[in-house]
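**Student:** Have a peek at input24.txt (compact mmCIF, C-alpha atoms).
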# COMPACT_ATOMS: atom_id res chain seq x y z
CA MET A 1 0.00 0.00 0.00
CA LYS A 2 1.38 3.39 -0.95
CA HIS A 3 1.77 6.19 1.53
CA LYS A 4 -1.45 8.22 1.67
CA GLU A 5 -1.27 11.96 1.11
CA TYR A 6 -3.50 13.65 3.67
CA ALA A 7 -5.40 16.47 2.03
CA SER A 8 -5.41 18.64 5.12
CA GLY A 9 -1.65 18.51 5.46
CA VAL A 10 -1.84 17.60 9.14
CA LEU A 11 0.17 14.40 8.74
CA THR A 12 2.18 15.28 5.64
CA GLY A 13 5.72 14.11 6.21
CA VAL A 14 4.92 11.71 9.05
CA LEU A 15 7.26 8.79 8.63
CA VAL A 16 4.77 6.02 9.37
CA VAL A 17 2.46 4.21 7.00
CA ALA A 18 0.09 1.26 7.44
CA LEU A 19 0.85 -1.69 5.19
CA ALA A 20 -1.84 -4.32 4.62
CA SER A 21 0.63 -7.14 5.20
CA GLY A 22 3.54 -5.52 6.94
CA GLY A 23 2.16 -3.25 9.64
CA VAL A 24 4.13 -0.07 10.33
CA LYS A 25 7.22 0.80 8.28
CA PHE A 26 9.71 3.60 7.83
CA VAL A 27 9.27 5.68 4.67
CA GLN A 28 11.11 8.55 3.08
CA GLN A 29 11.72 11.68 5.17
CA ARG A 30 10.36 14.84 3.59
CA GLN A 31 11.60 17.94 5.36
CA TYR A 32 10.34 16.65 8.64
CA ASN A 33 12.26 16.73 11.88
CA GLY A 34 9.71 15.19 14.21
CA VAL A 35 10.07 12.28 16.58
CA LEU A 36 9.61 9.63 13.90
CA SER A 37 12.45 10.99 11.76
CA ASP A 38 14.77 9.45 14.38
CA SER A 39 15.61 5.96 13.13
CA SER A 40 15.91 4.64 16.68
CA HIS A 41 12.20 5.29 17.25
CA VAL A 42 11.27 3.58 14.02
CA GLN A 43 13.49 0.62 14.90
CA LYS A 44 11.75 0.37 18.26
CA ILE A 45 8.36 0.28 16.57
CA GLU A 46 9.59 -2.46 14.24
CA TYR A 47 10.99 -4.41 17.20
CA LEU A 48 7.69 -4.16 19.09
CA GLU A 49 5.80 -5.22 16.01
CA LYS A 50 7.99 -8.31 15.55
CA MET A 51 7.57 -9.17 19.22
CA ILE A 52 3.79 -8.95 18.86
CA ASP A 53 3.88 -11.02 15.67
CA GLN A 54 5.98 -13.77 17.25
CA GLU A 55 4.62 -13.92 20.78
CA TYR A 56 1.23 -12.23 21.14
CA LEU A 57 -1.46 -14.83 21.84
CA GLY A 58 -4.42 -13.04 20.30
CA GLU A 59 -5.18 -12.11 16.72
CA VAL A 60 -3.61 -8.96 15.28
CA ASP A 61 -5.44 -6.43 13.13
CA ASN A 62 -2.79 -4.39 11.29
CA ASP A 63 -5.25 -1.60 10.48
CA GLU A 64 -6.15 -1.19 14.14
CA MET A 65 -2.46 -1.20 15.08
CA ALA A 66 -1.84 1.58 12.59
CA GLU A 67 -4.77 3.57 13.98
CA GLY A 68 -3.16 3.17 17.40
CA VAL A 69 0.09 4.67 16.09
CA TYR A 70 -1.73 7.71 14.70
CA ALA A 71 -3.68 8.16 17.92
CA GLY A 72 -0.47 7.77 19.90
CA LEU A 73 1.21 10.62 18.03
CA VAL A 74 -1.49 13.03 19.10
CA TYR A 75 -1.81 11.51 22.58
CA GLY A 76 1.90 12.11 23.04
CA LEU A 77 1.30 15.86 22.96
CA GLY A 78 -0.11 15.59 26.47
CA ASP A 79 -2.91 17.96 25.47
CA VAL A 80 -6.32 16.89 26.77
CA TYR A 81 -8.05 18.83 23.98
CA SER A 82 -6.17 17.30 21.03
CA ARG A 83 -7.02 13.85 19.69
CA TYR A 84 -7.11 11.58 16.68
CA TYR A 85 -10.43 10.24 15.33
CA THR A 86 -11.03 7.17 13.24
CA ALA A 87 -13.48 7.68 10.38
CA ASP A 88 -16.37 6.33 12.48
CA GLU A 89 -15.42 8.48 15.48
CA TYR A 90 -15.19 11.54 13.25
CA ALA A 91 -18.69 10.94 11.89
CA GLN A 92 -20.04 10.79 15.45
CA GLU A 93 -18.10 13.91 16.48
CA THR A 94 -19.39 16.00 13.59
CA ALA A 95 -22.96 14.87 14.27
CA SER A 96 -22.56 16.09 17.85
CA THR A 97 -21.07 19.47 16.94
CA ASP A 98 -23.41 20.05 14.01
CA GLY A 99 -26.39 19.36 16.24
CA ALA A 100 -28.21 17.56 13.44
CA TYR A 101 -27.92 14.00 12.19
CA ALA A 102 -29.82 11.08 10.69
CA GLY A 103 -31.42 9.22 13.57
CA ILE A 104 -34.50 8.59 15.69
CA GLY A 105 -34.23 11.44 18.20
CA VAL A 106 -32.76 9.59 21.16
CA SER A 107 -29.41 9.35 22.90
CA ILE A 108 -28.27 5.84 23.77
CA GLN A 109 -25.76 4.21 26.08
CA LYS A 110 -24.50 0.66 26.59
CA ASN A 111 -26.72 -1.46 28.79
CA LYS A 112 -24.82 -3.61 31.30
CA ASN A 113 -27.00 -6.65 30.55
CA GLY A 114 -26.70 -6.32 26.77
CA GLY A 115 -28.19 -4.12 24.12
CA VAL A 116 -28.41 -0.35 24.32
CA GLN A 117 -30.48 1.75 26.67
CA ILE A 118 -32.21 5.00 25.79
CA ALA A 119 -30.62 7.63 28.01
CA GLU A 120 -32.79 10.45 26.69
CA CYS A 121 -35.75 10.62 24.34
CA TYR A 122 -36.08 14.05 22.74
CA GLU A 123 -39.52 15.60 22.72
CA GLY A 124 -40.93 15.90 19.24
CA GLY A 125 -38.46 13.42 17.75
CA PRO A 126 -39.48 10.33 15.78
CA GLY A 127 -38.57 8.04 18.70
CA ALA A 128 -40.80 9.86 21.16
CA ASP A 129 -43.60 10.07 18.59
CA ALA A 130 -43.37 6.31 18.04
CA GLY A 131 -43.70 5.60 21.78
CA LEU A 132 -40.10 5.06 22.88
CA GLN A 133 -39.31 6.08 26.45
CA THR A 134 -36.21 6.93 28.46
CA GLY A 135 -34.93 3.71 30.04
CA ASP A 136 -36.11 1.42 27.23
CA VAL A 137 -33.55 -1.23 26.24
CA ILE A 138 -33.14 -2.00 22.52
CA THR A 139 -31.98 -5.57 21.80
CA ALA A 140 -32.59 -5.81 18.05
CA ILE A 141 -32.99 -3.58 15.00
CA ASN A 142 -34.87 -5.08 12.04
CA ASP A 143 -34.31 -8.53 13.60
CA THR A 144 -30.54 -7.91 13.81
CA ASP A 145 -29.35 -8.75 17.33
CA VAL A 146 -27.51 -5.76 18.85
CA THR A 147 -26.99 -7.12 22.36
CA ASP A 148 -23.24 -7.54 21.87
CA MET A 149 -22.66 -4.71 19.39
CA GLU A 150 -20.46 -1.71 20.08
CA LEU A 151 -22.39 1.52 20.55
CA SER A 152 -20.90 3.02 17.38
CA ASP A 153 -22.06 0.00 15.35
CA VAL A 154 -25.61 0.37 16.67
CA VAL A 155 -25.59 4.04 15.71
CA SER A 156 -24.31 3.18 12.22
CA LEU A 157 -27.00 0.52 11.82
CA ILE A 158 -29.67 3.11 12.58
CA ARG A 159 -28.20 5.83 10.36
CA GLU A 160 -27.75 3.62 7.32
CA ASN A 161 -31.55 3.31 7.26
CA LYS A 162 -32.11 7.04 6.73
CA ASP A 163 -35.54 7.84 5.25
CA LYS A 164 -36.72 4.32 6.10
CA THR A 165 -38.75 2.81 8.93
CA ILE A 166 -36.94 0.45 11.29
CA VAL A 167 -38.43 -2.00 13.76
CA LEU A 168 -36.90 -2.00 17.24
CA THR A 169 -37.20 -4.86 19.70
CA VAL A 170 -37.62 -3.10 23.03
CA PHE A 171 -37.69 -4.24 26.64
CA ARG A 172 -39.30 -1.91 29.17
CA GLU A 173 -38.87 -1.97 32.93
CA ASN A 174 -41.41 -4.12 34.79
CA GLU A 175 -42.55 -5.76 31.56
CA GLU A 176 -41.71 -9.43 30.97
CA LYS A 177 -42.26 -9.49 27.22
CA SER A 178 -40.54 -7.38 24.61
CA ARG A 179 -42.44 -5.09 22.30
CA GLU A 180 -41.73 -4.12 18.72
CA ILE A 181 -41.83 -0.43 17.89
CA SER A 182 -41.60 0.97 14.37
CA VAL A 183 -39.63 4.23 14.11
CA ASP A 184 -38.83 6.50 11.17
CA VAL A 185 -35.15 7.35 10.66
CA THR A 186 -35.06 11.02 9.64
CA ASP A 187 -32.91 14.13 9.93
CA VAL A 188 -33.04 14.98 13.63
CA GLU A 189 -32.05 18.26 15.24
CA LEU A 190 -30.72 18.01 18.78
CA PRO A 191 -32.26 20.60 21.12
CA SER A 192 -29.67 22.83 22.77
CA VAL A 193 -31.85 25.82 23.69
CA PHE A 194 -34.69 25.73 26.22
CA GLY A 195 -36.75 28.65 27.45
CA GLU A 196 -39.78 29.90 29.32
CA MET A 197 -41.30 32.99 30.87
CA LEU A 198 -40.58 33.14 34.60
CA ASP A 199 -43.15 35.87 35.07
CA LYS A 200 -45.03 38.27 32.85
CA LYS A 201 -41.87 40.26 31.97
CA THR A 202 -38.88 37.96 32.61
CA GLY A 203 -37.63 35.48 30.05
CA TYR A 204 -35.28 32.58 30.79
CA ILE A 205 -33.16 30.88 28.10
CA GLN A 206 -30.87 27.95 28.85
CA ILE A 207 -28.19 27.05 26.29
CA THR A 208 -26.73 23.59 26.93
CA GLN A 209 -24.16 23.55 24.09
CA PHE A 210 -23.13 25.67 21.11
CA THR A 211 -23.77 23.50 18.04
CA GLY A 212 -24.40 24.36 14.43
CA VAL A 213 -28.15 24.62 14.99
CA THR A 214 -28.00 26.54 18.28
CA PRO A 215 -28.11 30.10 16.81
CA GLN A 216 -31.41 29.50 15.02
CA GLN A 217 -32.85 27.75 18.07
CA TYR A 218 -31.84 30.78 20.16
CA LYS A 219 -33.41 33.24 17.71
CA ASP A 220 -36.63 31.24 17.62
CA MET A 221 -36.81 31.03 21.41
CA PHE A 222 -36.01 34.72 21.84
CA THR A 223 -38.76 35.69 19.39
CA GLU A 224 -41.23 33.38 21.16
CA LEU A 225 -40.50 34.92 24.57
CA LYS A 226 -40.50 38.47 23.18
CA ASP A 227 -43.96 37.85 21.74
CA LYS A 228 -45.07 36.77 25.22
CA GLY A 229 -44.03 40.11 26.70
CA MET A 230 -40.38 39.59 27.71
CA GLU A 231 -38.74 42.82 28.88
CA ARG A 232 -35.71 41.35 30.70
CA LEU A 233 -33.69 38.21 30.11
CA VAL A 234 -31.65 35.60 31.98
CA ILE A 235 -29.38 33.40 29.86
CA ASP A 236 -28.20 30.26 31.67
CA LEU A 237 -24.82 28.86 30.57
CA ARG A 238 -24.18 26.76 33.67
CA ASP A 239 -22.64 23.37 32.83
CA ASN A 240 -22.38 24.36 29.16
CA PRO A 241 -19.08 22.81 27.94
CA GLY A 242 -18.83 25.07 24.89
CA GLY A 243 -18.92 24.10 21.25
CA LEU A 244 -18.47 25.91 17.96
CA LEU A 245 -16.87 29.36 17.83
CA THR A 246 -19.10 30.30 14.90
CA SER A 247 -22.18 29.33 16.90
CA VAL A 248 -21.48 31.46 19.96
CA CYS A 249 -20.45 34.44 17.81
CA ASP A 250 -23.67 34.25 15.79
CA ILE A 251 -25.69 34.42 19.01
CA LEU A 252 -23.60 37.27 20.41
CA ARG A 253 -24.33 39.25 17.24
CA GLU A 254 -27.94 39.27 18.49
CA ILE A 255 -26.80 40.85 21.78
CA LEU A 256 -23.66 43.00 21.49
CA PRO A 257 -23.09 46.54 20.25
CA GLU A 258 -20.76 47.17 17.32
CA GLY A 259 -17.22 46.00 18.00
CA LEU A 260 -15.02 43.04 18.78
CA ILE A 261 -16.51 39.76 20.01
CA VAL A 262 -13.33 37.71 20.45
CA TYR A 263 -9.96 37.31 18.79
CA THR A 264 -7.51 34.42 18.47
CA GLU A 265 -3.75 34.23 18.04
CA ASP A 266 -1.84 31.20 16.78
CA LYS A 267 1.74 30.12 17.56
CA TYR A 268 3.08 32.55 14.95
CA GLY A 269 1.19 35.55 16.31
CA ASN A 270 -1.36 35.58 13.49
CA ARG A 271 -4.54 37.23 14.74
CA GLU A 272 -8.11 36.53 13.63
CA GLU A 273 -11.04 38.61 14.84
CA GLU A 274 -14.77 37.98 15.17
CA THR A 275 -16.76 41.22 15.12
CA CYS A 276 -20.34 42.43 15.53
CA ASP A 277 -22.04 45.15 13.48
CA GLY A 278 -24.32 46.13 16.39
CA LYS A 279 -27.48 46.08 14.29
CA HIS A 280 -29.29 43.70 16.64
CA GLN A 281 -28.05 44.91 20.04
CA LEU A 282 -30.15 43.65 22.92
CA ASP A 283 -32.37 46.40 24.32
CA MET A 284 -33.29 44.93 27.69
CA PRO A 285 -31.62 44.11 31.04
CA LEU A 286 -29.55 40.92 30.82
CA ALA A 287 -28.02 38.53 33.35
CA VAL A 288 -25.84 35.57 32.35
CA LEU A 289 -25.53 32.59 34.70
CA VAL A 290 -22.21 30.69 34.73
CA ASN A 291 -20.45 28.16 36.94
CA GLU A 292 -17.21 26.20 37.14
CA ASN A 293 -18.40 23.92 34.33
CA SER A 294 -19.09 26.73 31.88
CA ALA A 295 -16.22 26.37 29.41
CA SER A 296 -14.79 27.45 26.08
CA ALA A 297 -17.55 29.02 23.95
CA SER A 298 -19.53 29.73 27.13
CA GLU A 299 -16.57 31.76 28.37
CA ILE A 300 -16.35 33.62 25.07
CA PHE A 301 -20.01 34.52 25.60
CA ALA A 302 -19.56 35.64 29.20
CA GLY A 303 -16.33 37.51 28.46
CA ALA A 304 -17.84 39.47 25.58
CA VAL A 305 -20.96 40.41 27.55
CA GLN A 306 -18.81 41.46 30.50
CA ASP A 307 -16.29 43.48 28.49
CA HIS A 308 -19.01 45.33 26.56
CA GLY A 309 -20.99 45.96 29.73
CA VAL A 310 -24.29 44.85 28.21
CA GLY A 311 -25.18 42.42 30.98
CA THR A 312 -24.24 41.12 34.42
CA ILE A 313 -22.39 37.83 34.89
CA VAL A 314 -23.72 35.90 37.90
CA GLY A 315 -22.49 32.67 39.50
CA THR A 316 -19.02 31.22 40.05
CA THR A 317 -15.73 31.52 38.15
CA THR A 318 -15.82 29.58 34.88
CA TYR A 319 -13.68 26.60 33.86
CA GLY A 320 -10.82 28.45 32.18
CA LYS A 321 -10.48 26.93 28.70
CA GLY A 322 -9.03 29.69 26.57
CA VAL A 323 -7.62 27.66 23.70
CA VAL A 324 -9.14 26.88 20.32
CA GLN A 325 -9.14 23.50 18.58
CA GLU A 326 -9.30 22.93 14.84
CA LEU A 327 -10.81 19.71 13.53
CA ARG A 328 -9.40 18.62 10.18
CA GLN A 329 -10.59 15.64 8.22
CA LEU A 330 -7.97 13.58 6.42
CA SER A 331 -8.37 11.96 3.01
CA ASP A 332 -9.14 8.50 4.42
CA GLY A 333 -12.07 9.81 6.49
CA SER A 334 -10.18 9.99 9.78
CA ALA A 335 -9.52 13.34 11.44
CA VAL A 336 -7.26 15.20 13.85
CA LYS A 337 -8.31 17.81 16.38
CA LEU A 338 -5.43 20.03 17.45
CA THR A 339 -5.13 23.00 19.76
CA VAL A 340 -4.04 25.74 17.36
CA SER A 341 -4.55 29.11 19.06
CA ASN A 342 -5.39 31.09 22.18
CA TYR A 343 -8.48 33.24 22.35
CA TYR A 344 -8.89 36.60 24.05
CA THR A 345 -11.89 38.63 25.20
CA PRO A 346 -12.56 42.01 23.55
CA ASN A 347 -10.44 43.75 26.21
CA GLY A 348 -7.51 41.43 25.50
CA ASN A 349 -7.91 39.14 28.51
CA SER A 350 -6.78 35.53 28.24
CA ILE A 351 -8.86 33.31 30.47
CA ASN A 352 -6.99 30.05 29.91
CA LYS A 353 -6.61 28.29 33.29
CA VAL A 354 -8.05 31.45 34.89
CA GLY A 355 -11.68 31.63 33.83
CA ILE A 356 -14.20 34.46 33.80
CA LYS A 357 -14.84 35.90 37.23
CA PRO A 358 -18.52 36.83 37.60
CA ASP A 359 -19.62 40.38 38.38
CA VAL A 360 -21.83 38.97 41.13
CA GLU A 361 -20.36 35.88 42.75
CA VAL A 362 -22.77 33.39 44.31
CA LYS A 363 -22.28 29.68 44.88
CA LEU A 364 -25.07 27.17 44.50
CA ALA A 365 -26.49 26.42 47.94
CA SER A 366 -24.79 23.35 49.44
CA GLU A 367 -28.08 21.55 50.04
CA LEU A 368 -28.74 21.66 46.28
CA LEU A 369 -25.44 20.17 45.11
CA ASN A 370 -26.54 16.54 45.05
CA LYS A 371 -30.11 17.09 43.87
CA ASP A 372 -31.03 15.69 40.45
CA GLU A 373 -33.57 18.43 39.81
CA ILE A 374 -33.70 21.95 41.21
CA THR A 375 -36.76 24.15 40.95
CA HIS A 376 -36.42 27.76 39.86
CA GLU A 377 -37.70 28.85 43.25
CA GLU A 378 -34.95 27.05 45.21
CA ASP A 379 -32.18 27.86 42.70
CA ASN A 380 -30.36 30.58 44.63
CA GLN A 381 -28.09 31.48 41.71
CA LEU A 382 -31.07 32.08 39.44
CA GLN A 383 -32.82 34.07 42.15
CA LYS A 384 -29.74 36.30 42.47
CA ALA A 385 -29.76 36.84 38.69
CA LEU A 386 -33.41 37.86 38.91
CA ASP A 387 -32.52 40.34 41.68
CA VAL A 388 -29.80 41.82 39.45
CA ILE A 389 -32.08 42.55 36.50
Would you mind writing the file's structure down as structure tokens?
**Tutor:**
Amino acid sequence: MKHKEYASGVLTGVLVVALASGGVKFVQQRQYNGVLSDSSHVQKIEYLEKMIDQEYLGEVDNDEMAEGVYAGLVYGLGDVYSRYYTADEYAQETASTDGAYAGIGVSIQKNKNGGVQIAECYEGGPGADAGLQTGDVITAINDTDVTDMELSDVVSLIRENKDKTIVLTVFRENEEKSREISVDVTDVELPSVFGEMLDKKTGYIQITQFTGVTPQQYKDMFTELKDKGMERLVIDLRDNPGGLLTSVCDILREILPEGLIVYTEDKYGNREEETCDGKHQLDMPLAVLVNENSASASEIFAGAVQDHGVGTIVGTTTYGKGVVQELRQLSDGSAVKLTVSNYYTPNGNSINKVGIKPDVEVKLASELLNKDEITHEEDNQLQKALDVI
């Protein structure tokens, strides 16, 4: 097998290539001075491979071994945010960040007794409409037994039936017999924005993640609450791990005045800016709730609101992830996510490993920390935000 040229350039010059019959081999150096240009490292890989070939008891999959080498290169950076994705993993990652995918409107997890369990059934999705419930265990799809399948294989089995109807064999708690439920596989949009009116004038919008579909969901929810009489707004970013830079910037363009939203700088000092034209500046009091699990894009949001003075940040100091990752797909369908730049708030503050300190600091009451559900009335952080606006 010839050395593959990776279209993105991420691995161009890497001195490792997977061979269908020979595993991992040294190939020509091309202006590359990385770790694998050292022949001693390549010799060590060859030695380990021979040892595995001669002594390892189990079966060896050369393709999987090669994938392990690629993953190991990125793992060796020691950066928790950088990683290598196989083609299947990349497909799942993009579905998550895009916020839309071919599916049945549920999230699933491995079930300890076999099959997959529905962890969440999204309201309005084809699964919920067909009668699926959270906690249901799926053991077969179109008579194909999935009890011993990997989660990714179950997902692929569902997605390859896009625009078709599949029949799920489902076991439900406290029911001895299984039931068969027919579900349409369609394009599904994951909800990431939830909202309601807390009183006649106060709107509440929770953003759980910044995906590709989040900006439109935010605009729709904002319009709905405005039509109901909203004159002040609380945006809840607690436990929001972040997401797409483009997504958070598109939402901030519905809030900020004209000016800088955020800027990034790479290892060479190259600067890229995201700006707002100010045409849709929010014209009502705003409070933004954050906590120690508000990260990345959530911190871009809080930092921009704080620096422009258009709202009050309430809660606890955020996570402190001030670095940007770039996800690049390679020509074989795999992908690499690398940390490529630092980001800075409009006033030039780097929050990496520091976080955004709220304007009004208030910890969640200790008696609420282990509760699965917290009402708005007992949520002391939310109540403080309501006091602020």
**Student:** With the cut-off set at 6 Å and counting all atoms listed in the file, tabulate each residue of range 283-334 of chain A with an atom at most that distance from an atom of range 227-233 of chain A, showing the nearest atom pair and its distance in Å to one decimal, ordered by chain and increasing number, as CSV.
**Tutor:**
residue,atom,partner,partner_atom,distance
A:Met284,CA,A:Arg232,CA,5.3
A:Pro285,CA,A:Arg232,CA,4.9
A:Leu286,CA,A:Leu233,CA,5.0
**Student:** Give me a file of those residues, with C-alpha atoms, as a PDB file, in the coordinates of the input.
**Tutor:**
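New file again_28.pdb:
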ATOM      1  CA  MET A 284     -33.290  44.930  27.690  1.00  0.00           C
ATOM      2  CA  PRO A 285     -31.620  44.110  31.040  1.00  0.00           C
ATOM      3  CA  LEU A 286     -29.550  40.920  30.820  1.00  0.00           C
TER       4      LEU A 286
END
**Student:** Which one is closest to Ile300 in chain A: A:Lys321, A:Lys384, A:His280, A:Lys112? Count all atoms listed in the file.
**Tutor:**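 Of A:Lys321, A:Lys384, A:His280, A:Lys112, the one nearest Ile300 in chain A is A:Lys321, counting all atoms listed in the file.
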**Student:** State, in Å with one decimal place, the distance from CA of Glu49 in chain A to CA of Gly76 in chain A.
**Tutor:**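 Interatomic distance, CA of Glu49 in chain A to CA of Gly76 in chain A: 19.1 Å.
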**Student:** Check which residues of range 56-127 of chain A sit at most 7 Å from range 327-334 of chain A using all atoms listed in the file, and return one row each with the closest pair of atoms and their distance in Å to one decimal, ordered by chain and rising number, as a tab-separated table.
**Tutor:**
residue	atom	partner	partner_atom	distance
A:Tyr85	CA	A:Ser334	CA	5.6
A:Thr86	CA	A:Ser334	CA	4.5
A:Ala87	CA	A:Ser334	CA	4.1
A:Tyr90	CA	A:Ser334	CA	6.3
**Student:** Write a file of the just-selected residues containing C-alpha atoms, as a PDB file, in the coordinates of the input.
**Tutor:**
ATOM      1  CA  TYR A  85     -10.430  10.240  15.330  1.00  0.00           C
ATOM      2  CA  THR A  86     -11.030   7.170  13.240  1.00  0.00           C
ATOM      3  CA  ALA A  87     -13.480   7.680  10.380  1.00  0.00           C
ATOM      4  CA  TYR A  90     -15.190  11.540  13.250  1.00  0.00           C
TER       5      TYR A  90
END
**Student:** Counting all atoms listed in the file, which residue out of A:Leu252, A:Met197, A:Ile261, A:Leu48 sits closest to Pro215 in chain A?
**Tutor:**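 The closest residue to Pro215 in chain A is A:Leu252.
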**Student:** Missing atoms in range 158-165 of chain A need filling: write out all heavy atoms for it as a compact mmCIF listing (two decimals), in the coordinates of the input.
**Tutor:**
# COMPACT_ATOMS: atom_id res chain seq x y z
N ILE A 158 -28.49 2.24 12.64
CA ILE A 158 -29.67 3.11 12.58
C ILE A 158 -29.53 4.11 11.43
O ILE A 158 -30.44 4.27 10.60
CB ILE A 158 -29.88 3.86 13.91
CG1 ILE A 158 -30.24 2.87 15.03
CG2 ILE A 158 -30.96 4.93 13.77
CD1 ILE A 158 -30.29 3.49 16.41
N ARG A 159 -28.37 4.75 11.33
CA ARG A 159 -28.20 5.83 10.36
C ARG A 159 -28.20 5.34 8.91
O ARG A 159 -28.59 6.09 8.01
CB ARG A 159 -26.90 6.58 10.65
CG ARG A 159 -26.98 7.42 11.92
CD ARG A 159 -25.67 8.12 12.21
NE ARG A 159 -25.79 8.92 13.44
CZ ARG A 159 -24.76 9.49 14.04
NH1 ARG A 159 -23.55 9.36 13.57
NH2 ARG A 159 -24.96 10.19 15.15
N GLU A 160 -27.78 4.12 8.69
CA GLU A 160 -27.75 3.62 7.32
C GLU A 160 -29.17 3.35 6.79
O GLU A 160 -29.35 3.07 5.61
CB GLU A 160 -26.90 2.35 7.23
CG GLU A 160 -27.46 1.14 7.93
CD GLU A 160 -26.49 -0.03 7.95
OE1 GLU A 160 -25.26 0.20 7.89
OE2 GLU A 160 -26.97 -1.17 8.04
N ASN A 161 -30.15 3.47 7.66
CA ASN A 161 -31.55 3.31 7.26
C ASN A 161 -32.27 4.66 7.14
O ASN A 161 -33.50 4.72 7.29
CB ASN A 161 -32.29 2.42 8.26
CG ASN A 161 -31.95 0.96 8.11
OD1 ASN A 161 -32.41 0.29 7.20
ND2 ASN A 161 -31.10 0.46 9.01
N LYS A 162 -31.51 5.71 6.86
CA LYS A 162 -32.11 7.04 6.73
C LYS A 162 -33.26 7.03 5.71
O LYS A 162 -33.16 6.41 4.66
CB LYS A 162 -31.06 8.07 6.32
CG LYS A 162 -31.61 9.49 6.24
CD LYS A 162 -30.56 10.48 5.77
CE LYS A 162 -31.17 11.86 5.62
NZ LYS A 162 -30.19 12.85 5.11
N ASP A 163 -34.33 7.72 6.07
CA ASP A 163 -35.54 7.84 5.25
C ASP A 163 -36.30 6.52 5.13
O ASP A 163 -37.14 6.35 4.24
CB ASP A 163 -35.23 8.38 3.85
CG ASP A 163 -34.62 9.78 3.90
OD1 ASP A 163 -35.00 10.55 4.79
OD2 ASP A 163 -33.77 10.08 3.05
N LYS A 164 -36.00 5.59 6.05
CA LYS A 164 -36.72 4.32 6.10
C LYS A 164 -37.34 4.15 7.50
O LYS A 164 -37.03 4.90 8.42
CB LYS A 164 -35.79 3.15 5.80
CG LYS A 164 -35.16 3.18 4.41
CD LYS A 164 -34.21 2.00 4.22
CE LYS A 164 -33.54 2.05 2.85
NZ LYS A 164 -32.58 0.92 2.67
N THR A 165 -38.17 3.15 7.63
CA THR A 165 -38.75 2.81 8.93
C THR A 165 -38.06 1.55 9.45
O THR A 165 -37.93 0.56 8.71
CB THR A 165 -40.26 2.57 8.82
OG1 THR A 165 -40.89 3.76 8.37
CG2 THR A 165 -40.83 2.19 10.19
